[in-house]
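Undergrad: Data: my_file_9.txt, compact mmCIF, C-alpha atoms and all ligand atoms.
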# COMPACT_ATOMS: atom_id res chain seq x y z
CA MET A 29 -14.55 6.62 -1.65
CA ALA A 30 -16.07 3.19 -2.02
CA PHE A 31 -14.72 -0.28 -1.53
CA GLU A 32 -17.26 -2.22 -3.66
CA LYS A 33 -14.67 -3.04 -6.28
CA THR A 34 -11.92 -3.97 -3.83
CA LYS A 35 -11.70 -7.75 -3.96
CA TRP A 36 -8.24 -8.34 -2.52
CA VAL A 37 -6.20 -6.89 0.32
CA TRP A 38 -2.52 -7.61 0.92
CA LEU A 39 -1.92 -8.49 4.57
CA ASN A 40 1.38 -9.61 6.06
CA GLY A 41 2.78 -11.09 2.88
CA LYS A 42 -0.25 -12.43 1.08
CA LEU A 43 -3.36 -11.40 -0.78
CA ILE A 44 -6.56 -12.26 1.05
CA PRO A 45 -10.21 -11.61 0.12
CA PHE A 46 -11.45 -8.16 1.20
CA ALA A 47 -14.09 -9.67 3.52
CA GLU A 48 -11.39 -11.53 5.46
CA ALA A 49 -9.15 -8.51 5.98
CA LYS A 50 -10.15 -7.81 9.59
CA ILE A 51 -8.27 -6.22 12.44
CA ASP A 52 -7.75 -7.88 15.85
CA ALA A 53 -9.86 -6.25 18.59
CA THR A 54 -6.74 -6.14 20.77
CA ALA A 55 -4.60 -4.38 18.14
CA PHE A 56 -2.40 -1.85 19.93
CA GLY A 57 -2.60 0.41 16.88
CA LEU A 58 -6.38 0.55 17.15
CA HIS A 59 -6.37 1.43 20.86
CA TYR A 60 -3.55 3.96 20.87
CA GLY A 61 -3.29 5.19 17.27
CA VAL A 62 0.19 3.77 16.76
CA GLY A 63 0.23 3.11 13.08
CA VAL A 64 1.84 4.75 10.08
CA PHE A 65 0.53 4.86 6.58
CA GLU A 66 0.83 6.26 3.10
CA GLY A 67 -1.71 7.69 0.74
CA GLN A 68 -0.54 7.21 -2.81
CA ARG A 69 -2.12 6.80 -6.21
CA ALA A 70 -1.95 4.80 -9.38
CA TYR A 71 -2.99 6.62 -12.55
CA ASP A 72 -3.93 5.14 -15.88
CA THR A 73 -1.23 5.89 -18.44
CA ALA A 74 -0.43 4.76 -21.98
CA HIS A 75 1.71 2.03 -20.35
CA GLY A 76 -1.08 0.83 -18.08
CA PRO A 77 -1.53 1.85 -14.44
CA ALA A 78 1.50 3.54 -12.90
CA LEU A 79 2.29 4.52 -9.30
CA PHE A 80 3.04 8.19 -8.80
CA ARG A 81 6.26 8.85 -6.84
CA ASN A 82 6.08 5.43 -5.25
CA ARG A 83 9.67 5.50 -4.00
CA GLU A 84 9.13 8.81 -2.18
CA HIS A 85 5.94 7.52 -0.58
CA LEU A 86 7.59 4.32 0.59
CA GLU A 87 10.62 6.19 1.88
CA ARG A 88 8.27 8.39 3.90
CA LEU A 89 6.49 5.26 5.16
CA ALA A 90 9.81 3.78 6.26
CA ALA A 91 10.81 7.04 7.97
CA SER A 92 7.44 7.28 9.75
CA ALA A 93 7.77 3.64 10.83
CA LYS A 94 11.26 4.28 12.22
CA THR A 95 9.92 7.12 14.36
CA TYR A 96 7.53 4.74 16.11
CA GLN A 97 9.81 1.64 16.02
CA LEU A 98 7.36 -0.14 13.76
CA ASP A 99 9.85 -2.55 12.22
CA PHE A 100 8.37 -4.33 9.24
CA PRO A 101 10.37 -7.05 7.49
CA TYR A 102 9.94 -5.86 3.89
CA SER A 103 12.29 -3.92 1.67
CA LEU A 104 10.90 -1.02 -0.33
CA ASP A 105 11.23 -3.14 -3.48
CA GLU A 106 9.21 -5.91 -1.86
CA LEU A 107 6.55 -3.39 -0.84
CA THR A 108 6.47 -2.01 -4.38
CA ALA A 109 5.95 -5.51 -5.74
CA ALA A 110 3.20 -6.11 -3.16
CA ILE A 111 1.43 -2.87 -4.13
CA CYS A 112 1.60 -3.76 -7.81
CA GLU A 113 0.32 -7.25 -7.11
CA THR A 114 -2.63 -5.79 -5.15
CA VAL A 115 -3.51 -3.19 -7.81
CA THR A 116 -3.36 -5.88 -10.51
CA ALA A 117 -5.37 -8.46 -8.56
CA ASN A 118 -8.14 -5.89 -8.15
CA GLY A 119 -7.96 -4.93 -11.83
CA PHE A 120 -7.62 -1.20 -11.03
CA LYS A 121 -6.36 1.43 -13.45
CA ASN A 122 -6.93 4.58 -11.38
CA CYS A 123 -6.80 3.87 -7.69
CA TYR A 124 -5.76 5.02 -4.26
CA VAL A 125 -3.14 2.90 -2.46
CA ARG A 126 -3.01 2.77 1.33
CA PRO A 127 -0.16 0.80 2.92
CA THR A 128 -0.55 0.81 6.72
CA ALA A 129 1.83 -0.61 9.31
CA TYR A 130 0.55 -0.90 12.86
CA PHE A 131 1.24 -2.62 16.13
CA ASP A 132 -1.05 -5.62 16.27
CA GLY A 133 -2.53 -7.60 19.16
CA GLY A 134 -0.53 -8.85 22.09
CA SER A 135 -0.50 -6.60 25.09
CA LEU A 136 -2.35 -3.35 25.69
CA GLY A 137 0.16 -2.14 28.26
CA ILE A 138 1.36 1.19 26.93
CA ARG A 139 5.01 0.09 27.04
CA ALA A 140 4.32 -3.05 25.00
CA VAL A 141 6.04 -3.54 21.67
CA ASN A 142 3.71 -5.90 19.82
CA PRO A 143 4.18 -7.65 16.48
CA VAL A 144 3.81 -5.34 13.49
CA SER A 145 1.21 -5.97 10.80
CA LEU A 146 1.24 -4.37 7.39
CA SER A 147 -1.75 -4.14 5.10
CA ILE A 148 -2.13 -2.72 1.61
CA LEU A 149 -5.64 -1.58 0.79
CA THR A 150 -6.52 -0.23 -2.65
CA TRP A 151 -9.70 1.27 -3.97
CA GLU A 152 -10.76 2.50 -7.34
CA TRP A 153 -10.54 6.24 -7.54
CA ASN A 154 -11.17 8.55 -10.41
CA SER A 155 -10.63 12.18 -9.41
CA ASP A 156 -13.58 13.59 -7.47
CA PHE A 157 -12.38 17.16 -7.22
CA ALA A 158 -12.85 18.45 -10.78
CA ALA A 159 -15.21 21.30 -9.81
CA GLN A 160 -12.99 22.60 -7.01
CA GLN A 161 -9.89 22.14 -9.13
CA GLU A 162 -11.41 24.58 -11.61
CA LYS A 163 -13.26 27.02 -9.35
CA GLY A 164 -11.13 26.85 -6.24
CA MET A 165 -11.87 25.92 -2.64
CA ARG A 166 -13.46 27.96 0.10
CA LEU A 167 -11.37 27.70 3.27
CA THR A 168 -11.94 28.74 6.83
CA VAL A 169 -9.32 29.27 9.50
CA SER A 170 -9.91 26.43 11.93
CA PRO A 171 -10.36 27.04 15.65
CA TRP A 172 -8.23 23.87 15.98
CA ARG A 173 -4.51 24.55 15.75
CA LYS A 174 -2.05 22.10 14.22
CA PHE A 175 -0.22 20.35 17.07
CA HIS A 176 3.33 21.53 17.49
CA GLN A 177 6.26 19.41 16.32
CA SER A 178 7.50 19.34 19.92
CA MET A 179 4.32 17.45 20.87
CA LEU A 180 4.27 14.83 18.11
CA PRO A 181 6.56 14.48 15.10
CA THR A 182 4.51 16.11 12.37
CA THR A 183 6.73 14.78 9.56
CA ALA A 184 5.70 11.21 10.43
CA LYS A 185 2.45 10.19 8.75
CA ALA A 186 0.97 8.48 11.78
CA THR A 187 -2.64 7.36 12.15
CA GLY A 188 -3.11 9.11 15.49
CA ASN A 189 -2.17 12.48 13.96
CA TYR A 190 -5.43 12.49 12.06
CA LEU A 191 -7.54 13.18 15.15
CA ASN A 192 -6.44 16.79 14.72
CA SER A 193 -7.32 16.85 10.99
CA ILE A 194 -10.67 15.17 11.56
CA LEU A 195 -11.76 17.68 14.20
CA ALA A 196 -10.76 20.50 11.87
CA VAL A 197 -12.53 19.21 8.72
CA ARG A 198 -15.71 18.38 10.60
CA GLU A 199 -15.83 21.79 12.19
CA ALA A 200 -15.20 23.50 8.83
CA ALA A 201 -17.83 21.39 7.05
CA ALA A 202 -20.40 22.18 9.77
CA ARG A 203 -19.93 25.86 8.94
CA GLY A 204 -20.30 25.19 5.19
CA PHE A 205 -16.65 25.44 4.11
CA ASP A 206 -14.77 23.08 1.79
CA GLU A 207 -11.67 22.76 3.91
CA ALA A 208 -9.99 23.89 7.13
CA LEU A 209 -6.82 25.96 7.22
CA LEU A 210 -4.89 25.19 10.40
CA LEU A 211 -2.60 27.66 12.09
CA ASN A 212 0.30 26.30 14.11
CA ALA A 213 1.07 26.94 17.77
CA GLU A 214 2.91 30.16 16.80
CA GLY A 215 -0.19 31.45 15.00
CA ASN A 216 1.31 31.14 11.52
CA VAL A 217 -0.20 29.08 8.73
CA ALA A 218 0.59 25.37 9.04
CA GLU A 219 -1.43 23.46 6.46
CA GLY A 220 -4.84 22.26 5.39
CA ALA A 221 -6.32 19.29 7.21
CA VAL A 222 -4.66 16.97 4.67
CA GLU A 223 -2.92 19.37 2.31
CA ASN A 224 0.06 21.70 2.12
CA VAL A 225 -0.28 25.39 1.36
CA PHE A 226 1.27 27.51 -1.41
CA ILE A 227 0.85 31.17 -2.20
CA ILE A 228 1.95 33.16 -5.22
CA LYS A 229 2.81 36.84 -4.94
CA ASP A 230 4.33 38.93 -7.76
CA GLY A 231 5.11 35.80 -9.76
CA LYS A 232 6.99 34.08 -6.93
CA LEU A 233 5.81 30.97 -5.06
CA LYS A 234 6.12 30.50 -1.34
CA THR A 235 5.43 27.58 0.96
CA ASN A 236 6.48 26.57 4.46
CA ASP A 237 8.39 23.53 5.71
CA GLU A 238 8.70 21.22 8.72
CA ARG A 239 9.54 24.16 11.01
CA ALA A 240 5.85 25.11 10.65
CA SER A 241 4.76 21.70 12.10
CA ILE A 242 3.58 20.29 8.77
CA LEU A 243 3.71 16.97 7.02
CA LEU A 244 6.15 17.30 4.15
CA GLY A 245 3.81 16.35 1.33
CA ILE A 246 5.00 14.57 -1.76
CA THR A 247 2.64 16.67 -3.87
CA ARG A 248 4.21 19.75 -2.22
CA ARG A 249 7.63 18.54 -3.34
CA SER A 250 6.27 17.86 -6.83
CA ALA A 251 4.72 21.33 -7.07
CA ILE A 252 8.04 22.91 -6.02
CA GLU A 253 9.92 20.89 -8.63
CA ILE A 254 7.39 21.64 -11.39
CA ALA A 255 7.46 25.37 -10.56
CA GLN A 256 11.27 25.37 -10.63
CA HIS A 257 11.19 23.46 -13.92
CA PHE A 258 9.16 26.36 -15.35
CA GLY A 259 11.72 28.80 -13.97
CA PHE A 260 9.62 30.19 -11.11
CA GLU A 261 11.30 31.11 -7.85
CA VAL A 262 10.06 29.16 -4.82
CA GLU A 263 10.70 30.60 -1.38
CA ILE A 264 10.50 28.32 1.65
CA GLY A 265 9.65 30.15 4.86
CA THR A 266 7.09 31.14 7.44
CA LEU A 267 3.64 31.87 6.03
CA THR A 268 1.71 34.38 8.06
CA LEU A 269 -2.06 34.47 7.75
CA ASP A 270 -1.88 38.10 6.64
CA GLU A 271 0.46 37.36 3.76
CA VAL A 272 -1.62 34.35 2.72
CA LYS A 273 -4.75 36.50 2.62
CA ALA A 274 -2.89 39.15 0.61
CA ALA A 275 -1.58 36.65 -1.96
CA ASP A 276 -2.30 36.98 -5.69
CA GLU A 277 -2.96 33.25 -5.90
CA MET A 278 -3.14 30.35 -3.48
CA PHE A 279 -3.33 26.60 -3.91
CA LEU A 280 -3.32 23.46 -1.81
CA THR A 281 -1.41 20.29 -2.61
CA GLY A 282 -2.12 16.71 -1.59
CA THR A 283 -2.37 13.25 -3.06
CA ALA A 284 -6.18 13.41 -2.94
CA ILE A 285 -6.82 16.93 -4.21
CA GLU A 286 -3.64 17.05 -6.30
CA ILE A 287 -3.21 20.79 -6.97
CA THR A 288 -6.35 22.73 -6.15
CA PRO A 289 -6.71 26.52 -6.11
CA VAL A 290 -8.12 28.38 -3.12
CA ARG A 291 -10.62 31.08 -3.99
CA GLU A 292 -11.41 32.49 -0.56
CA ILE A 293 -10.62 32.32 3.13
CA ASP A 294 -13.53 33.05 5.47
CA GLY A 295 -15.36 34.84 2.67
CA GLN A 296 -12.41 37.02 1.70
CA PRO A 297 -11.34 36.42 -1.93
CA ILE A 298 -7.74 35.45 -2.67
CA GLY A 299 -6.53 37.55 -5.60
CA ASN A 300 -9.45 37.88 -8.00
CA GLY A 301 -11.30 35.00 -6.32
CA LYS A 302 -10.67 32.65 -9.23
CA ARG A 303 -8.07 30.04 -10.16
CA GLY A 304 -4.85 31.96 -10.82
CA VAL A 305 -2.96 31.78 -14.09
CA LEU A 306 0.26 30.39 -12.59
CA THR A 307 -1.67 27.96 -10.42
CA GLU A 308 -3.39 26.64 -13.53
CA LYS A 309 -0.08 26.21 -15.34
CA ILE A 310 1.45 24.18 -12.50
CA GLN A 311 -1.81 22.27 -12.00
CA GLN A 312 -2.07 21.33 -15.68
CA ALA A 313 1.55 20.18 -15.72
CA TYR A 314 0.84 18.00 -12.68
CA PHE A 315 -2.23 16.45 -14.34
CA ASP A 316 -0.16 15.63 -17.42
CA ILE A 317 2.80 14.30 -15.44
CA VAL A 318 0.75 11.89 -13.30
CA ARG A 319 -0.79 10.45 -16.49
CA GLY A 320 2.61 9.89 -18.07
CA LYS A 321 2.31 12.57 -20.73
CA VAL A 322 5.49 14.50 -19.95
CA PRO A 323 8.72 12.72 -20.99
CA GLN A 324 10.97 14.71 -18.60
CA PHE A 325 8.94 13.49 -15.61
CA MET A 326 8.44 9.82 -16.50
CA HIS A 327 10.89 8.89 -13.74
CA TRP A 328 8.19 9.87 -11.22
CA LEU A 329 6.08 6.93 -12.40
CA THR A 330 6.42 3.22 -11.67
CA PRO A 331 4.49 1.14 -14.21
CA VAL A 332 2.57 -1.47 -12.24
CA GLN A 333 3.09 -4.29 -14.73
CA GLN A 334 6.87 -3.90 -14.79
CA ALA A 335 7.18 -3.93 -11.02
CA LEU A 336 5.05 -7.04 -10.52
CA PRO A 337 6.76 -9.91 -8.72
CA ALA A 338 7.87 -12.62 -11.15
CA ALA A 339 5.47 -15.16 -9.67
CA ALA A 340 2.36 -13.01 -9.97
C1 LIG A 401 -1.50 16.59 7.31
C2 LIG A 401 -1.19 16.47 5.86
N1 LIG A 401 -0.48 17.44 5.25
C3 LIG A 401 -0.17 17.37 3.94
C4 LIG A 401 -0.56 16.30 3.17
C5 LIG A 401 -0.17 16.21 1.72
O1 LIG A 401 0.76 15.16 1.55
P1 LIG A 401 0.92 14.40 0.18
O2 LIG A 401 1.13 15.46 -0.85
O3 LIG A 401 2.10 13.54 0.36
O4 LIG A 401 -0.34 13.64 -0.06
C6 LIG A 401 -1.31 15.27 3.76
C7 LIG A 401 -1.77 14.14 2.96
O5 LIG A 401 -1.37 13.05 3.15
C8 LIG A 401 -1.62 15.35 5.14
O6 LIG A 401 -2.31 14.38 5.72
Could you take the file, read its structure, and then write that structure out as structure tokens?

TA:
Amino acid sequence: MAFEKTKWVWLNGKLIPFAEAKIDATAFGLHYGVGVFEGQRAYDTAHGPALFRNREHLERLAASAKTYQLDFPYSLDELTAAICETVTANGFKNCYVRPTAYFDGGSLGIRAVNPVSLSILTWEWNSDFAAQQEKGMRLTVSPWRKFHQSMLPTTAKATGNYLNSILAVREAAARGFDEALLLNAEGNVAEGAVENVFIIKDGKLKTNDERASILLGITRRSAIEIAQHFGFEVEIGTLTLDEVKAADEMFLTGTAIEITPVREIDGQPIGNGKRGVLTEKIQQAYFDIVRGKVPQFMHWLTPVQQALPAAA
């Protein structure tokens, strides 16, 4: 992840040079983690760069913002136009898009409701996970549990939530693993640090939902819809660690890693310890869909040029 090619950042209604996009030292969001954000992507397609499931991402951003009373004065169409303007100004074809709304400076009293700022940061991103997407990831069960939904709303994508994920990934990396698998307060599987979990057993998919204290990922939703499109059954329910370890196949979903197989948990192979056949089928469909190669799924893409504001 590098910002060398990021020349412009959208902040509170206008594009400003990257070097000028600074945060106020008194920003409430910085001190107390009260911000909400999205992680979305633009992929290069035959029709130029296109945003993948932009509407769903912005709807989740709006829902997260509502949870924390972060009222920003932009419609989702205006935000879409702003994202497209930012991607275009930077000349990106494949990039990551990070809209963030946060309480800005004013008061640092914990009851304060400060003005809301909204930034859109983009950076060029060609997929970095090719090797793991083919061979599968090595996971470890984290000693850090996912915080329970009664403690913080896990379906809101809030900046402060990532303290939990960061502790988990650092601990897993220190022990030589690719990614952490977090159990929830009940001891069942919640999710990866920044990914949702799927297993496949006897040809049937299974994943959990918000009752397991997870973020409802948009890649998760896409994987469910792709699997159903192929006629596979998808069960939604509690995932125990035992059933995950006994699965024929396992994969993680997330905007960054897309659909990536898991080959082992704490040294124990999942299935035959390789990318599973059904995982590969769903994964390949996802890769084709995000690049605009599957007519039935073109409605998941927003071409950047078409959604540009008229003035840009
Ligand atoms: C905690 C957590 N779970 C799951 C996901 C996957 O969500 P998505 O597929 O929308 O990227 C993410 C990534 O944003 C995450 O941070």

Undergrad: Taking all listed atoms of ligand LIG 401 (chain A), build the axis-aligned box, pad each of the six sides by 5 Å, then write its centre and edge lengths in Å to one decimal as lines of an AutoDock Vina configuration file.

TA:
center_x = -0.1
center_y = 15.2
center_z = 3.2
size_x = 14.4
size_y = 14.4
size_z = 18.2

Undergrad: Distance CA of Thr288 in chain A-CA of Gly61 in chain A, one decimal place?

TA: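 So the two atoms, CA of Thr288 in chain A and CA of Gly61 in chain A, lie 29.4 Å apart.
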
Undergrad: Produce as a VMD selection string the set of residues near ligand LIG 401 (chain A), where near means within 6 Å with all atoms listed in the file considered.

TA: chain A and resid 67 221 to 224 243 245 to 248 281 to 283

Undergrad: Choose the residue, out of A:Leu107, A:Val332, A:Cys112, A:Ile298, that has the smallest atom-to-atom separation from Met165 in chain A; count only C-alpha atoms.

TA: A:Ile298

Undergrad: Can you list, as a list of chain:residue names, every protein, DNA or RNA residue that comes within 12 Å of Phe325 in chain A when you count all atoms listed in the file, leaving out same-chain residues fewer than 2 positions away?

TA: A:Phe80, A:Arg81, A:Ser250, A:Glu253, A:Ile254, A:His257, A:Ala313, A:Tyr314, A:Phe315, A:Asp316, A:Ile317, A:Val318, A:Arg319, A:Gly320, A:Lys321, A:Val322, A:Pro323, A:His327, A:Trp328, A:Leu329, A:Thr330

Undergrad: How would the residues just chosen look if you wrote them out with C-alpha atoms as a tab-separated table (two decimals), in the coordinates of the input?

TA:
chain	number	residue	atom	x	y	z
A	80	PHE	CA	3.04	8.19	-8.80
A	81	ARG	CA	6.26	8.85	-6.84
A	250	SER	CA	6.27	17.86	-6.83
A	253	GLU	CA	9.92	20.89	-8.63
A	254	ILE	CA	7.39	21.64	-11.39
A	257	HIS	CA	11.19	23.46	-13.92
A	313	ALA	CA	1.55	20.18	-15.72
A	314	TYR	CA	0.84	18.00	-12.68
A	315	PHE	CA	-2.23	16.45	-14.34
A	316	ASP	CA	-0.16	15.63	-17.42
A	317	ILE	CA	2.80	14.30	-15.44
A	318	VAL	CA	0.75	11.89	-13.30
A	319	ARG	CA	-0.79	10.45	-16.49
A	320	GLY	CA	2.61	9.89	-18.07
A	321	LYS	CA	2.31	12.57	-20.73
A	322	VAL	CA	5.49	14.50	-19.95
A	323	PRO	CA	8.72	12.72	-20.99
A	327	HIS	CA	10.89	8.89	-13.74
A	328	TRP	CA	8.19	9.87	-11.22
A	329	LEU	CA	6.08	6.93	-12.40
A	330	THR	CA	6.42	3.22	-11.67

Undergrad: Suppose you want the space between CA of Thr95 in chain A and CA of Trp36 in chain A; what is it in Å?

TA: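 Computing the Euclidean distance for CA of Thr95 in chain A and CA of Trp36 in chain A yields 29.2 Å.
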
Undergrad: For the point (8.3, 25.0, -6.1) in file coordinates, what residues are within 8 Å, counting only C-alpha atoms? Give the answer as a ChimeraX atom specification?

TA: /A:233-234,248-256,260-263

Undergrad: Suppose you want the space between CA of Val125 in chain A and CA of Ala70 in chain A; what is it in Å?

TA: 7.3 Å

Undergrad: Which residue is closest to Leu336 in chain A? Choose from A:Thr183, A:Asn212, A:Thr116, A:Thr128 and count all atoms listed in the file.

TA: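 Closest residue, counting all atoms listed in the file: A:Thr116.
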
Undergrad: Counting all atoms listed in the file, which residue out of A:Thr268, A:Thr307, A:Thr54, A:Ser241 sits closest to Leu136 in chain A?

TA: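 Looking only at the distances to Leu136 in chain A, the closest residue turns out to be A:Thr54.
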
Undergrad: My list of candidates is A:Pro331, A:Asn236, A:Tyr190, A:Phe226. Which is closest to Ile310 in chain A when distances are computed with only C-alpha atoms?

TA: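 Counting only C-alpha atoms, the residue closest to Ile310 in chain A is A:Phe226.
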
Undergrad: Which residues are near Tyr130 in chain A? Cut-off 10 Å, only C-alpha atoms, ignore same chain within fewer than 4 positions. Put them as number ranges by chain.

TA: A: 55-58, 61-65, 93, 96, 98-100, 142-147, 186-187

Undergrad: At a cut-off of 10 Å, using only C-alpha atoms, what residues contact range 272-279 of chain A? Leave out same-chain residues fewer than 6 positions from it and give the result as a tab-separated table (two decimals) with C-alpha atoms, in the coordinates of the input.

TA:
chain	number	residue	atom	x	y	z
A	161	GLN	CA	-9.89	22.14	-9.13
A	164	GLY	CA	-11.13	26.85	-6.24
A	165	MET	CA	-11.87	25.92	-2.64
A	216	ASN	CA	1.31	31.14	11.52
A	217	VAL	CA	-0.20	29.08	8.73
A	223	GLU	CA	-2.92	19.37	2.31
A	224	ASN	CA	0.06	21.70	2.12
A	225	VAL	CA	-0.28	25.39	1.36
A	226	PHE	CA	1.27	27.51	-1.41
A	227	ILE	CA	0.85	31.17	-2.20
A	228	ILE	CA	1.95	33.16	-5.22
A	229	LYS	CA	2.81	36.84	-4.94
A	230	ASP	CA	4.33	38.93	-7.76
A	231	GLY	CA	5.11	35.80	-9.76
A	232	LYS	CA	6.99	34.08	-6.93
A	233	LEU	CA	5.81	30.97	-5.06
A	234	LYS	CA	6.12	30.50	-1.34
A	235	THR	CA	5.43	27.58	0.96
A	286	GLU	CA	-3.64	17.05	-6.30
A	287	ILE	CA	-3.21	20.79	-6.97
A	288	THR	CA	-6.35	22.73	-6.15
A	289	PRO	CA	-6.71	26.52	-6.11
A	290	VAL	CA	-8.12	28.38	-3.12
A	291	ARG	CA	-10.62	31.08	-3.99
A	292	GLU	CA	-11.41	32.49	-0.56
A	293	ILE	CA	-10.62	32.32	3.13
A	294	ASP	CA	-13.53	33.05	5.47
A	296	GLN	CA	-12.41	37.02	1.70
A	297	PRO	CA	-11.34	36.42	-1.93
A	298	ILE	CA	-7.74	35.45	-2.67
A	299	GLY	CA	-6.53	37.55	-5.60
A	300	ASN	CA	-9.45	37.88	-8.00
A	301	GLY	CA	-11.30	35.00	-6.32
A	302	LYS	CA	-10.67	32.65	-9.23
A	303	ARG	CA	-8.07	30.04	-10.16
A	304	GLY	CA	-4.85	31.96	-10.82
A	305	VAL	CA	-2.96	31.78	-14.09
A	306	LEU	CA	0.26	30.39	-12.59
A	307	THR	CA	-1.67	27.96	-10.42
A	308	GLU	CA	-3.39	26.64	-13.53
A	311	GLN	CA	-1.81	22.27	-12.00

Undergrad: Residues at most 9 Å from Asn154 in chain A, counting all atoms listed in the file, excluding those fewer than 3 positions away in the same chain, as an MDAnalysis selection string?

TA: chainID A and resid 71 122:124

Undergrad: Contacts of Leu211 in chain A at 10 Å or less, counting only C-alpha atoms, minus same-chain residues fewer than 3 places along, as a tab-separated table (two decimals) with C-alpha atoms, keeping the file's coordinate frame?

TA:
chain	number	residue	atom	x	y	z
A	169	VAL	CA	-9.32	29.27	9.50
A	170	SER	CA	-9.91	26.43	11.93
A	171	PRO	CA	-10.36	27.04	15.65
A	172	TRP	CA	-8.23	23.87	15.98
A	173	ARG	CA	-4.51	24.55	15.75
A	174	LYS	CA	-2.05	22.10	14.22
A	175	PHE	CA	-0.22	20.35	17.07
A	208	ALA	CA	-9.99	23.89	7.13
A	214	GLU	CA	2.91	30.16	16.80
A	215	GLY	CA	-0.19	31.45	15.00
A	216	ASN	CA	1.31	31.14	11.52
A	217	VAL	CA	-0.20	29.08	8.73
A	218	ALA	CA	0.59	25.37	9.04
A	219	GLU	CA	-1.43	23.46	6.46
A	220	GLY	CA	-4.84	22.26	5.39
A	240	ALA	CA	5.85	25.11	10.65
A	241	SER	CA	4.76	21.70	12.10
A	267	LEU	CA	3.64	31.87	6.03
A	268	THR	CA	1.71	34.38	8.06
A	269	LEU	CA	-2.06	34.47	7.75

Undergrad: With distances taken over only C-alpha atoms, which of A:Asp237, A:Glu152, A:Asp270, A:Glu199 is nearest to Ala30 in chain A?

TA: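 Between A:Asp237, A:Glu152, A:Asp270, A:Glu199, the residue approaching Ala30 in chain A most closely is A:Glu152.
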
Undergrad: Could you check which of A:Phe120, A:Phe46, A:Phe205, A:Trp153 is closest to Ala284 in chain A, using all atoms listed in the file?

TA: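 Using all atoms listed in the file, the shortest distance to Ala284 in chain A belongs to A:Trp153.
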
Undergrad: Rebuild N, CA and C atoms on range 207-220 of chain A, as a short mmCIF file (atom, residue, chain, number, x, y, z; two decimals), in the coordinates of the input?

TA:
data_model
loop_
_atom_site.label_atom_id
_atom_site.label_comp_id
_atom_site.auth_asym_id
_atom_site.auth_seq_id
_atom_site.Cartn_x
_atom_site.Cartn_y
_atom_site.Cartn_z
N GLU A 207 -12.87 23.29 3.27
CA GLU A 207 -11.67 22.76 3.91
C GLU A 207 -11.22 23.70 5.02
N ALA A 208 -10.52 23.12 5.99
CA ALA A 208 -9.99 23.89 7.13
C ALA A 208 -8.54 24.29 6.86
N LEU A 209 -8.21 25.50 7.26
CA LEU A 209 -6.82 25.96 7.22
C LEU A 209 -6.36 26.03 8.67
N LEU A 210 -5.34 25.24 9.00
CA LEU A 210 -4.89 25.19 10.40
C LEU A 210 -3.69 26.09 10.62
N LEU A 211 -3.77 26.89 11.66
CA LEU A 211 -2.60 27.66 12.09
C LEU A 211 -1.79 26.77 13.03
N ASN A 212 -0.51 27.08 13.17
CA ASN A 212 0.30 26.30 14.11
C ASN A 212 0.32 27.00 15.48
N ALA A 213 1.08 26.41 16.39
CA ALA A 213 1.07 26.94 17.77
C ALA A 213 1.57 28.38 17.81
N GLU A 214 2.40 28.77 16.85
CA GLU A 214 2.91 30.16 16.80
C GLU A 214 1.90 31.11 16.19
N GLY A 215 0.82 30.58 15.62
CA GLY A 215 -0.19 31.45 15.00
C GLY A 215 0.06 31.71 13.53
N ASN A 216 1.09 31.04 12.96
CA ASN A 216 1.31 31.14 11.52
C ASN A 216 0.56 30.02 10.81
N VAL A 217 0.51 30.11 9.48
CA VAL A 217 -0.20 29.08 8.73
C VAL A 217 0.62 27.78 8.76
N ALA A 218 -0.07 26.69 9.10
CA ALA A 218 0.59 25.37 9.04
C ALA A 218 0.20 24.73 7.71
N GLU A 219 -1.01 24.18 7.66
CA GLU A 219 -1.43 23.46 6.46
C GLU A 219 -2.94 23.28 6.47
N GLY A 220 -3.45 22.69 5.40
CA GLY A 220 -4.84 22.26 5.39
C GLY A 220 -4.95 20.99 6.22
#
